[in-house]
Amino acid sequence: MIKKIFSGVQPTGNLHLGNYLGAIKNFVELNDDNENNCIFCVVDLHAITVKQDPKKLRDNIRETVATFIACGIDPKKSIIFNQSTVSAHSEAAWLLSCVARMGWLNRMTQFKEKAGKDKEKASIGLYSYPILMAADILLYDTTHVPVGEDQKQHLELCRDIAQKFNNDYNVDDFLKVPEPLIQKEFSRIMSLKDGSKKMSKSELSDLSRINLTDNNEDIINKIKKAKTDPLPLPANTDELVDRPEARNLLGIYSSINNITLDKSVNEFNGKNFSEFKEKLSQVLVEKLNPISLEIKRLTDDKSFLDKILLEGQKKANYIASKKLKKMQEIVGF
């Protein structure tokens, strides 16, 4: 079976190592393995579920595209576009909102986490955006969606919505029910200052993350200052259970090198952190420096990035508008 891949990244700026290892690196591999069947969307409609600076948002859309390309996604082999330029996404989301149930959305744990204690002040968009995510996926007859742990629940909702639409309107398999693509041998990337928290662009300290635009000196300095514990590196992975910082740094080393955590642990068994950090910095600089330089070069060429987005918009709109028209006919419009 030919895989049709869809995935999206929010243009909130400052993409970091966690975004690269958790998503974009995987996108590149999928792009190479599934030529002309991958769609990578800059989900700017999702971004505005929380307030954005309009000028920064426009710049961040271009920077996200630049990051895709710098990391190795070939726009000639895939579709890259920004969500808001294809109106079918918003229109399909409304149709699917009338199929989805309140009880399903009330179970979404990510809304509760993002809204915090005072959920009454959260936007309606933040509450209902999993339905827009479902529209993003279902418009393209997507068969597989690369997801991390934090998005698995949303993909389950997407599957439920697709099945209910098909059942309600007696249209077997009209909306394809997508499967998750989970990365193998992937370690979740955590903060360099606290191994119990996910690496995040929203964390105040820049030392907590490695940005894809960081220079070599920044990377070396951040790894040198990354939190550790007083013990030497462990002899086996069982010893990492209560050592989140050690697990995180070894996980980064494993993911960047495409090797198992076991292999990394064996390589550095009993060694001190200073020796390990030096090797980790070396590997990160070697991998990320070309990406950083290319992002900077591409972001200076706005006309090139806008051309990529326009070409992607035309291709995406052609596919999505045809699917939307059929959806509208099915519901009686």
# chains A, B, ... in the order shown; residues from 1 in each chain; ligands from 1
>>> select_by_dssp(residues="region 16-205 of chain A", states="alpha helix (DSSP H)", output="ChimeraX atom specification")
/A:17-19,25-33,44-47,54-71,88-97,102-106,109-115,124-138,152-168
>>> write_last_selection(atoms="C-alpha atoms", output="compact mmCIF listing (two decimals), in the first residue's frame")
# COMPACT_ATOMS: atom_id res chain seq x y z
CA LEU A 17 16.51 20.26 18.86
CA GLY A 18 13.36 18.62 20.26
CA ASN A 19 11.40 19.68 17.16
CA LYS A 25 14.27 14.51 11.09
CA ASN A 26 11.54 11.91 10.68
CA PHE A 27 9.82 14.06 8.02
CA VAL A 28 13.02 14.01 5.96
CA GLU A 29 13.19 10.21 6.06
CA LEU A 30 9.49 9.91 5.15
CA ASN A 31 9.98 12.42 2.32
CA ASP A 32 12.81 10.32 0.87
CA ASP A 33 10.90 7.04 1.23
CA ASP A 44 -0.71 28.95 11.13
CA LEU A 45 -4.43 28.58 11.91
CA HIS A 46 -3.46 26.42 14.89
CA ALA A 47 -0.86 28.99 15.96
CA PRO A 54 1.09 39.41 13.22
CA LYS A 55 4.49 40.49 11.87
CA LYS A 56 6.32 37.80 13.83
CA LEU A 57 3.81 35.21 12.64
CA ARG A 58 4.54 36.04 8.99
CA ASP A 59 8.29 35.83 9.65
CA ASN A 60 7.85 32.56 11.57
CA ILE A 61 5.91 31.00 8.68
CA ARG A 62 8.85 31.66 6.37
CA GLU A 63 11.37 30.51 8.99
CA THR A 64 9.50 27.22 9.42
CA VAL A 65 9.63 26.60 5.66
CA ALA A 66 13.33 27.50 5.67
CA THR A 67 13.87 25.00 8.49
CA PHE A 68 12.06 22.23 6.59
CA ILE A 69 14.27 22.76 3.55
CA ALA A 70 17.49 23.26 5.53
CA CYS A 71 16.89 19.97 7.34
CA ALA A 88 -10.89 24.07 2.58
CA HIS A 89 -9.24 23.43 5.97
CA SER A 90 -11.50 25.92 7.77
CA GLU A 91 -14.60 24.87 5.85
CA ALA A 92 -14.06 21.16 6.41
CA ALA A 93 -13.39 21.82 10.10
CA TRP A 94 -16.91 23.26 10.43
CA LEU A 95 -18.49 20.24 8.76
CA LEU A 96 -16.55 17.93 11.07
CA SER A 97 -17.47 20.08 14.10
CA MET A 102 -18.63 17.53 23.04
CA GLY A 103 -17.79 14.53 25.20
CA TRP A 104 -14.94 13.60 22.87
CA LEU A 105 -13.39 17.07 23.13
CA ASN A 106 -13.88 17.18 26.90
CA THR A 109 -5.92 16.22 28.06
CA GLN A 110 -3.78 18.66 26.09
CA PHE A 111 -6.47 21.36 26.31
CA LYS A 112 -6.56 20.98 30.08
CA GLU A 113 -2.77 21.28 30.25
CA LYS A 114 -2.54 24.31 27.95
CA ALA A 115 -5.58 26.13 29.35
CA ILE A 124 -12.67 28.48 21.72
CA GLY A 125 -10.02 27.76 19.09
CA LEU A 126 -7.73 26.16 21.66
CA TYR A 127 -10.62 23.94 22.75
CA SER A 128 -11.76 22.88 19.29
CA TYR A 129 -8.48 22.83 17.38
CA PRO A 130 -8.28 18.99 17.37
CA ILE A 131 -11.23 19.14 14.93
CA LEU A 132 -9.27 21.46 12.66
CA MET A 133 -6.37 19.00 12.95
CA ALA A 134 -8.75 16.25 11.84
CA ALA A 135 -9.76 18.34 8.81
CA ASP A 136 -6.10 18.91 7.95
CA ILE A 137 -5.50 15.18 7.86
CA LEU A 138 -8.74 13.91 6.31
CA LYS A 152 -1.72 10.43 19.85
CA GLN A 153 -5.00 11.33 21.58
CA HIS A 154 -5.79 13.90 18.88
CA LEU A 155 -5.18 11.35 16.14
CA GLU A 156 -7.57 8.95 17.90
CA LEU A 157 -10.17 11.73 17.84
CA CYS A 158 -9.51 12.21 14.12
CA ARG A 159 -10.13 8.50 13.56
CA ASP A 160 -13.37 8.66 15.57
CA ILE A 161 -14.60 11.67 13.57
CA ALA A 162 -13.81 9.98 10.23
CA GLN A 163 -15.66 6.81 11.22
CA LYS A 164 -18.69 8.73 12.52
CA PHE A 165 -18.93 10.85 9.35
CA ASN A 166 -18.77 7.71 7.20
CA ASN A 167 -21.40 5.96 9.35
CA ASP A 168 -23.74 8.95 9.69
>>> closest_atom_pairs(of="region 147-198 of chain A", to="region 234-248 of chain A", cutoff="10 Å", atoms="only C-alpha atoms", output="Markdown table")
| residue | atom | partner | partner_atom | distance |
| --- | --- | --- | --- | --- |
| A:Ser187 | CA | A:Asn248 | CA | 7.6 |
| A:Arg188 | CA | A:Asn248 | CA | 7.6 |
| A:Ile189 | CA | A:Asn248 | CA | 6.3 |
| A:Met190 | CA | A:Asn248 | CA | 6.0 |
| A:Ser191 | CA | A:Asn248 | CA | 8.1 |
| A:Leu192 | CA | A:Glu245 | CA | 7.5 |
| A:Lys193 | CA | A:Glu245 | CA | 8.2 |
| A:Asp194 | CA | A:Glu245 | CA | 6.8 |
| A:Gly195 | CA | A:Glu245 | CA | 4.5 |
| A:Ser196 | CA | A:Pro244 | CA | 6.2 |
| A:Lys197 | CA | A:Pro244 | CA | 9.4 |
| A:Lys198 | CA | A:Asn248 | CA | 9.9 |
>>> write_last_selection(atoms="all heavy atoms", output="PDB file, in the first residue's frame")
ATOM      1  N   SER A 187      14.023   8.874  21.742  1.00  0.00           N
ATOM      2  CA  SER A 187      13.935   9.349  23.123  1.00  0.00           C
ATOM      3  C   SER A 187      13.313  10.738  23.135  1.00  0.00           C
ATOM      4  O   SER A 187      13.741  11.614  22.371  1.00  0.00           O
ATOM      5  CB  SER A 187      15.334   9.413  23.757  1.00  0.00           C
ATOM      6  OG  SER A 187      15.899   8.130  23.839  1.00  0.00           O
ATOM      7  N   ARG A 188      12.318  10.934  23.963  1.00  0.00           N
ATOM      8  CA  ARG A 188      11.697  12.254  24.075  1.00  0.00           C
ATOM      9  C   ARG A 188      12.735  13.249  24.569  1.00  0.00           C
ATOM     10  O   ARG A 188      13.452  12.978  25.537  1.00  0.00           O
ATOM     11  CB  ARG A 188      10.521  12.167  25.052  1.00  0.00           C
ATOM     12  CG  ARG A 188       9.589  13.357  24.961  1.00  0.00           C
ATOM     13  CD  ARG A 188       8.414  13.177  25.902  1.00  0.00           C
ATOM     14  NE  ARG A 188       7.421  14.219  25.732  1.00  0.00           N
ATOM     15  CZ  ARG A 188       6.533  14.551  26.650  1.00  0.00           C
ATOM     16  NH1 ARG A 188       6.510  13.910  27.802  1.00  0.00           N
ATOM     17  NH2 ARG A 188       5.651  15.491  26.431  1.00  0.00           N
ATOM     18  N   ILE A 189      12.825  14.396  23.911  1.00  0.00           N
ATOM     19  CA  ILE A 189      13.872  15.366  24.227  1.00  0.00           C
ATOM     20  C   ILE A 189      13.375  16.332  25.298  1.00  0.00           C
ATOM     21  O   ILE A 189      12.370  17.019  25.114  1.00  0.00           O
ATOM     22  CB  ILE A 189      14.309  16.130  22.961  1.00  0.00           C
ATOM     23  CG1 ILE A 189      14.681  15.139  21.848  1.00  0.00           C
ATOM     24  CG2 ILE A 189      15.479  17.049  23.277  1.00  0.00           C
ATOM     25  CD1 ILE A 189      15.728  14.117  22.220  1.00  0.00           C
ATOM     26  N   MET A 190      14.122  16.379  26.404  1.00  0.00           N
ATOM     27  CA  MET A 190      13.717  17.172  27.555  1.00  0.00           C
ATOM     28  C   MET A 190      14.603  18.418  27.710  1.00  0.00           C
ATOM     29  O   MET A 190      15.618  18.582  27.021  1.00  0.00           O
ATOM     30  CB  MET A 190      13.780  16.316  28.823  1.00  0.00           C
ATOM     31  CG  MET A 190      13.136  14.935  28.685  1.00  0.00           C
ATOM     32  SD  MET A 190      11.404  14.985  28.164  1.00  0.00           S
ATOM     33  CE  MET A 190      10.607  15.305  29.740  1.00  0.00           C
ATOM     34  N   SER A 191      14.204  19.288  28.627  1.00  0.00           N
ATOM     35  CA  SER A 191      14.942  20.514  28.908  1.00  0.00           C
ATOM     36  C   SER A 191      16.356  20.211  29.389  1.00  0.00           C
ATOM     37  O   SER A 191      16.574  19.264  30.149  1.00  0.00           O
ATOM     38  CB  SER A 191      14.201  21.321  29.977  1.00  0.00           C
ATOM     39  OG  SER A 191      15.026  22.332  30.511  1.00  0.00           O
ATOM     40  N   LEU A 192      17.312  21.025  28.958  1.00  0.00           N
ATOM     41  CA  LEU A 192      18.703  20.863  29.413  1.00  0.00           C
ATOM     42  C   LEU A 192      18.875  21.321  30.861  1.00  0.00           C
ATOM     43  O   LEU A 192      19.889  21.016  31.492  1.00  0.00           O
ATOM     44  CB  LEU A 192      19.653  21.653  28.512  1.00  0.00           C
ATOM     45  CG  LEU A 192      19.701  21.238  27.040  1.00  0.00           C
ATOM     46  CD1 LEU A 192      20.657  22.132  26.263  1.00  0.00           C
ATOM     47  CD2 LEU A 192      20.096  19.774  26.889  1.00  0.00           C
ATOM     48  N   LYS A 193      17.879  22.037  31.388  1.00  0.00           N
ATOM     49  CA  LYS A 193      17.939  22.526  32.772  1.00  0.00           C
ATOM     50  C   LYS A 193      17.129  21.675  33.739  1.00  0.00           C
ATOM     51  O   LYS A 193      17.281  21.767  34.952  1.00  0.00           O
ATOM     52  CB  LYS A 193      17.441  23.981  32.843  1.00  0.00           C
ATOM     53  CG  LYS A 193      18.132  24.951  31.910  1.00  0.00           C
ATOM     54  CD  LYS A 193      19.635  25.004  32.102  1.00  0.00           C
ATOM     55  CE  LYS A 193      20.035  25.677  33.391  1.00  0.00           C
ATOM     56  NZ  LYS A 193      21.512  25.670  33.563  1.00  0.00           N
ATOM     57  N   ASP A 194      16.240  20.837  33.181  1.00  0.00           N
ATOM     58  CA  ASP A 194      15.373  20.003  34.030  1.00  0.00           C
ATOM     59  C   ASP A 194      14.906  18.805  33.207  1.00  0.00           C
ATOM     60  O   ASP A 194      14.044  18.941  32.338  1.00  0.00           O
ATOM     61  CB  ASP A 194      14.177  20.818  34.533  1.00  0.00           C
ATOM     62  CG  ASP A 194      13.260  20.025  35.461  1.00  0.00           C
ATOM     63  OD1 ASP A 194      13.428  18.798  35.570  1.00  0.00           O
ATOM     64  OD2 ASP A 194      12.359  20.635  36.066  1.00  0.00           O
ATOM     65  N   GLY A 195      15.489  17.643  33.475  1.00  0.00           N
ATOM     66  CA  GLY A 195      15.196  16.446  32.694  1.00  0.00           C
ATOM     67  C   GLY A 195      13.790  15.911  32.838  1.00  0.00           C
ATOM     68  O   GLY A 195      13.412  14.964  32.151  1.00  0.00           O
ATOM     69  N   SER A 196      12.975  16.515  33.711  1.00  0.00           N
ATOM     70  CA  SER A 196      11.588  16.068  33.876  1.00  0.00           C
ATOM     71  C   SER A 196      10.616  16.888  33.039  1.00  0.00           C
ATOM     72  O   SER A 196       9.431  16.579  32.968  1.00  0.00           O
ATOM     73  CB  SER A 196      11.173  16.154  35.355  1.00  0.00           C
ATOM     74  OG  SER A 196      11.141  17.505  35.783  1.00  0.00           O
ATOM     75  N   LYS A 197      11.117  17.961  32.373  1.00  0.00           N
ATOM     76  CA  LYS A 197      10.262  18.832  31.565  1.00  0.00           C
ATOM     77  C   LYS A 197      10.663  18.733  30.096  1.00  0.00           C
ATOM     78  O   LYS A 197      11.840  18.659  29.768  1.00  0.00           O
ATOM     79  CB  LYS A 197      10.400  20.294  32.012  1.00  0.00           C
ATOM     80  CG  LYS A 197       9.853  20.591  33.393  1.00  0.00           C
ATOM     81  CD  LYS A 197      10.046  22.070  33.705  1.00  0.00           C
ATOM     82  CE  LYS A 197       9.525  22.426  35.087  1.00  0.00           C
ATOM     83  NZ  LYS A 197       9.780  23.849  35.410  1.00  0.00           N
ATOM     84  N   LYS A 198       9.673  18.770  29.228  1.00  0.00           N
ATOM     85  CA  LYS A 198       9.919  18.703  27.794  1.00  0.00           C
ATOM     86  C   LYS A 198      10.683  19.946  27.327  1.00  0.00           C
ATOM     87  O   LYS A 198      10.424  21.052  27.801  1.00  0.00           O
ATOM     88  CB  LYS A 198       8.565  18.612  27.068  1.00  0.00           C
ATOM     89  CG  LYS A 198       8.648  18.340  25.590  1.00  0.00           C
ATOM     90  CD  LYS A 198       7.239  18.220  25.015  1.00  0.00           C
ATOM     91  CE  LYS A 198       7.272  18.085  23.502  1.00  0.00           C
ATOM     92  NZ  LYS A 198       5.929  18.017  22.920  1.00  0.00           N
TER      93      LYS A 198
END
>>> closest_atom_pairs(of="region 80-133 of chain A", to="region 293-308 of chain A", cutoff="12 Å", atoms="only C-alpha atoms", output="CSV")
residue,atom,partner,partner_atom,distance
A:Ile80,CA,A:Ile308,CA,7.0
A:Phe81,CA,A:Ile308,CA,7.5
A:Asn82,CA,A:Ile308,CA,10.1
A:Thr85,CA,A:Asp306,CA,12.0
>>> write_last_selection(atoms="C-alpha atoms", output="tab-separated table (two decimals), in the first residue's frame")
chain	number	residue	atom	x	y	z
A	80	ILE	CA	4.93	22.44	1.62
A	81	PHE	CA	2.28	25.10	2.27
A	82	ASN	CA	0.74	27.21	5.00
A	85	THR	CA	-4.01	29.83	2.34
>>> select_by_dssp(residues="region 134-331 of chain A", states="strand (DSSP E)", output="ChimeraX atom specification")
/A:144-146,179-181
>>> atom_distance(atom1="CA of Leu280 (chain A)", atom2="CA of Ala226 (chain A)")
11.4 Å
>>> residues_around(residues="Asn211 (chain A)", least_positions_apart="5", cutoff="10 Å", atoms="only C-alpha atoms", output="NGL selection string")
:A and (13-20 or 200-201 or 206 or 218-219 or 288 or 292)
>>> residues_around(residues="Gly8 (chain A)", least_positions_apart="5", cutoff="7 Å", atoms="only C-alpha atoms", output="NGL selection string")
:A and (40-43)
>>> closest_residue(among="A:Lys227, A:Lys77, A:Lys279, A:Lys3", to="Asp141 (chain A)", atoms="only C-alpha atoms")
A:Lys3
>>> closest_residue(among="A:Cys98, A:Glu311, A:Gly72, A:Ser202", to="Thr12 (chain A)", atoms="only C-alpha atoms")
A:Ser202
>>> atom_distance(atom1="CA of Val145 (chain A)", atom2="CA of Asn36 (chain A)")
15.4 Å
>>> decode(residues="region 232-244 of chain A", atoms="all heavy atoms", output="mmCIF file, in the first residue's frame")
data_model
loop_
_atom_site.group_PDB
_atom_site.id
_atom_site.type_symbol
_atom_site.label_atom_id
_atom_site.label_comp_id
_atom_site.auth_asym_id
_atom_site.auth_seq_id
_atom_site.Cartn_x
_atom_site.Cartn_y
_atom_site.Cartn_z
ATOM 1 N N PRO A 232 28.858 8.815 37.954
ATOM 2 C CA PRO A 232 29.349 8.546 36.604
ATOM 3 C C PRO A 232 28.217 7.998 35.745
ATOM 4 O O PRO A 232 27.159 7.618 36.252
ATOM 5 C CB PRO A 232 30.450 7.505 36.822
ATOM 6 C CG PRO A 232 30.164 6.892 38.145
ATOM 7 C CD PRO A 232 29.465 7.927 38.965
ATOM 8 N N LEU A 233 28.433 7.938 34.449
ATOM 9 C CA LEU A 233 27.395 7.430 33.552
ATOM 10 C C LEU A 233 27.132 5.952 33.825
ATOM 11 O O LEU A 233 28.048 5.213 34.185
ATOM 12 C CB LEU A 233 27.809 7.668 32.098
ATOM 13 C CG LEU A 233 27.674 9.158 31.716
ATOM 14 C CD1 LEU A 233 28.619 9.519 30.598
ATOM 15 C CD2 LEU A 233 26.250 9.484 31.334
ATOM 16 N N PRO A 234 25.880 5.516 33.663
ATOM 17 C CA PRO A 234 25.483 4.168 34.115
ATOM 18 C C PRO A 234 25.988 3.031 33.231
ATOM 19 O O PRO A 234 26.395 3.245 32.086
ATOM 20 C CB PRO A 234 23.960 4.233 34.068
ATOM 21 C CG PRO A 234 23.671 5.220 32.986
ATOM 22 C CD PRO A 234 24.753 6.252 33.075
ATOM 23 N N ALA A 235 25.901 1.833 33.776
ATOM 24 C CA ALA A 235 26.324 0.635 33.057
ATOM 25 C C ALA A 235 25.190 0.030 32.232
ATOM 26 O O ALA A 235 25.431 -0.728 31.301
ATOM 27 C CB ALA A 235 26.855 -0.403 34.053
ATOM 28 N N ASN A 236 23.943 0.352 32.589
ATOM 29 C CA ASN A 236 22.802 -0.164 31.831
ATOM 30 C C ASN A 236 21.631 0.807 31.928
ATOM 31 O O ASN A 236 21.618 1.698 32.790
ATOM 32 C CB ASN A 236 22.401 -1.561 32.321
ATOM 33 C CG ASN A 236 22.065 -1.571 33.798
ATOM 34 O OD1 ASN A 236 21.063 -0.991 34.220
ATOM 35 N ND2 ASN A 236 22.916 -2.216 34.603
ATOM 36 N N THR A 237 20.645 0.630 31.067
ATOM 37 C CA THR A 237 19.517 1.566 30.997
ATOM 38 C C THR A 237 18.630 1.528 32.235
ATOM 39 O O THR A 237 17.946 2.512 32.538
ATOM 40 C CB THR A 237 18.655 1.293 29.743
ATOM 41 O OG1 THR A 237 18.264 -0.082 29.735
ATOM 42 C CG2 THR A 237 19.419 1.604 28.466
ATOM 43 N N ASP A 238 18.635 0.407 32.964
ATOM 44 C CA ASP A 238 17.843 0.318 34.193
ATOM 45 C C ASP A 238 18.265 1.374 35.208
ATOM 46 O O ASP A 238 17.446 1.863 35.997
ATOM 47 C CB ASP A 238 17.976 -1.072 34.827
ATOM 48 C CG ASP A 238 17.305 -2.158 33.993
ATOM 49 O OD1 ASP A 238 16.431 -1.803 33.162
ATOM 50 O OD2 ASP A 238 17.651 -3.335 34.155
ATOM 51 N N GLU A 239 19.537 1.735 35.186
ATOM 52 C CA GLU A 239 20.068 2.714 36.136
ATOM 53 C C GLU A 239 19.654 4.150 35.796
ATOM 54 O O GLU A 239 19.928 5.074 36.551
ATOM 55 C CB GLU A 239 21.597 2.619 36.193
ATOM 56 C CG GLU A 239 22.117 1.303 36.762
ATOM 57 C CD GLU A 239 23.638 1.242 36.750
ATOM 58 O OE1 GLU A 239 24.282 2.307 36.889
ATOM 59 O OE2 GLU A 239 24.184 0.131 36.594
ATOM 60 N N LEU A 240 18.980 4.348 34.651
ATOM 61 C CA LEU A 240 18.558 5.691 34.241
ATOM 62 C C LEU A 240 17.186 6.073 34.789
ATOM 63 O O LEU A 240 16.764 7.218 34.636
ATOM 64 C CB LEU A 240 18.517 5.783 32.713
ATOM 65 C CG LEU A 240 19.867 5.751 31.990
ATOM 66 C CD1 LEU A 240 19.658 5.655 30.488
ATOM 67 C CD2 LEU A 240 20.698 6.986 32.335
ATOM 68 N N VAL A 241 16.508 5.135 35.432
ATOM 69 C CA VAL A 241 15.125 5.368 35.872
ATOM 70 C C VAL A 241 14.999 6.616 36.734
ATOM 71 O O VAL A 241 14.099 7.441 36.538
ATOM 72 C CB VAL A 241 14.583 4.131 36.629
ATOM 73 C CG1 VAL A 241 13.215 4.435 37.220
ATOM 74 C CG2 VAL A 241 14.485 2.934 35.694
ATOM 75 N N ASP A 242 15.886 6.792 37.685
ATOM 76 C CA ASP A 242 15.821 7.949 38.580
ATOM 77 C C ASP A 242 16.885 8.989 38.251
ATOM 78 O O ASP A 242 17.287 9.774 39.118
ATOM 79 C CB ASP A 242 15.980 7.479 40.039
ATOM 80 C CG ASP A 242 14.833 6.577 40.468
ATOM 81 O OD1 ASP A 242 13.680 6.915 40.156
ATOM 82 O OD2 ASP A 242 15.101 5.523 41.079
ATOM 83 N N ARG A 243 17.337 8.992 37.004
ATOM 84 C CA ARG A 243 18.364 9.952 36.588
ATOM 85 C C ARG A 243 17.903 10.643 35.288
ATOM 86 O O ARG A 243 18.424 10.384 34.207
ATOM 87 C CB ARG A 243 19.703 9.242 36.390
ATOM 88 C CG ARG A 243 20.218 8.548 37.650
ATOM 89 C CD ARG A 243 21.560 7.860 37.408
ATOM 90 N NE ARG A 243 22.591 8.825 37.087
ATOM 91 C CZ ARG A 243 23.836 8.472 36.727
ATOM 92 N NH1 ARG A 243 24.172 7.196 36.654
ATOM 93 N NH2 ARG A 243 24.726 9.398 36.433
ATOM 94 N N PRO A 244 16.906 11.539 35.385
ATOM 95 C CA PRO A 244 16.300 12.117 34.175
ATOM 96 C C PRO A 244 17.271 12.900 33.297
ATOM 97 O O PRO A 244 17.165 12.867 32.065
ATOM 98 C CB PRO A 244 15.190 13.022 34.717
ATOM 99 C CG PRO A 244 15.561 13.286 36.148
ATOM 100 C CD PRO A 244 16.259 12.053 36.611
#
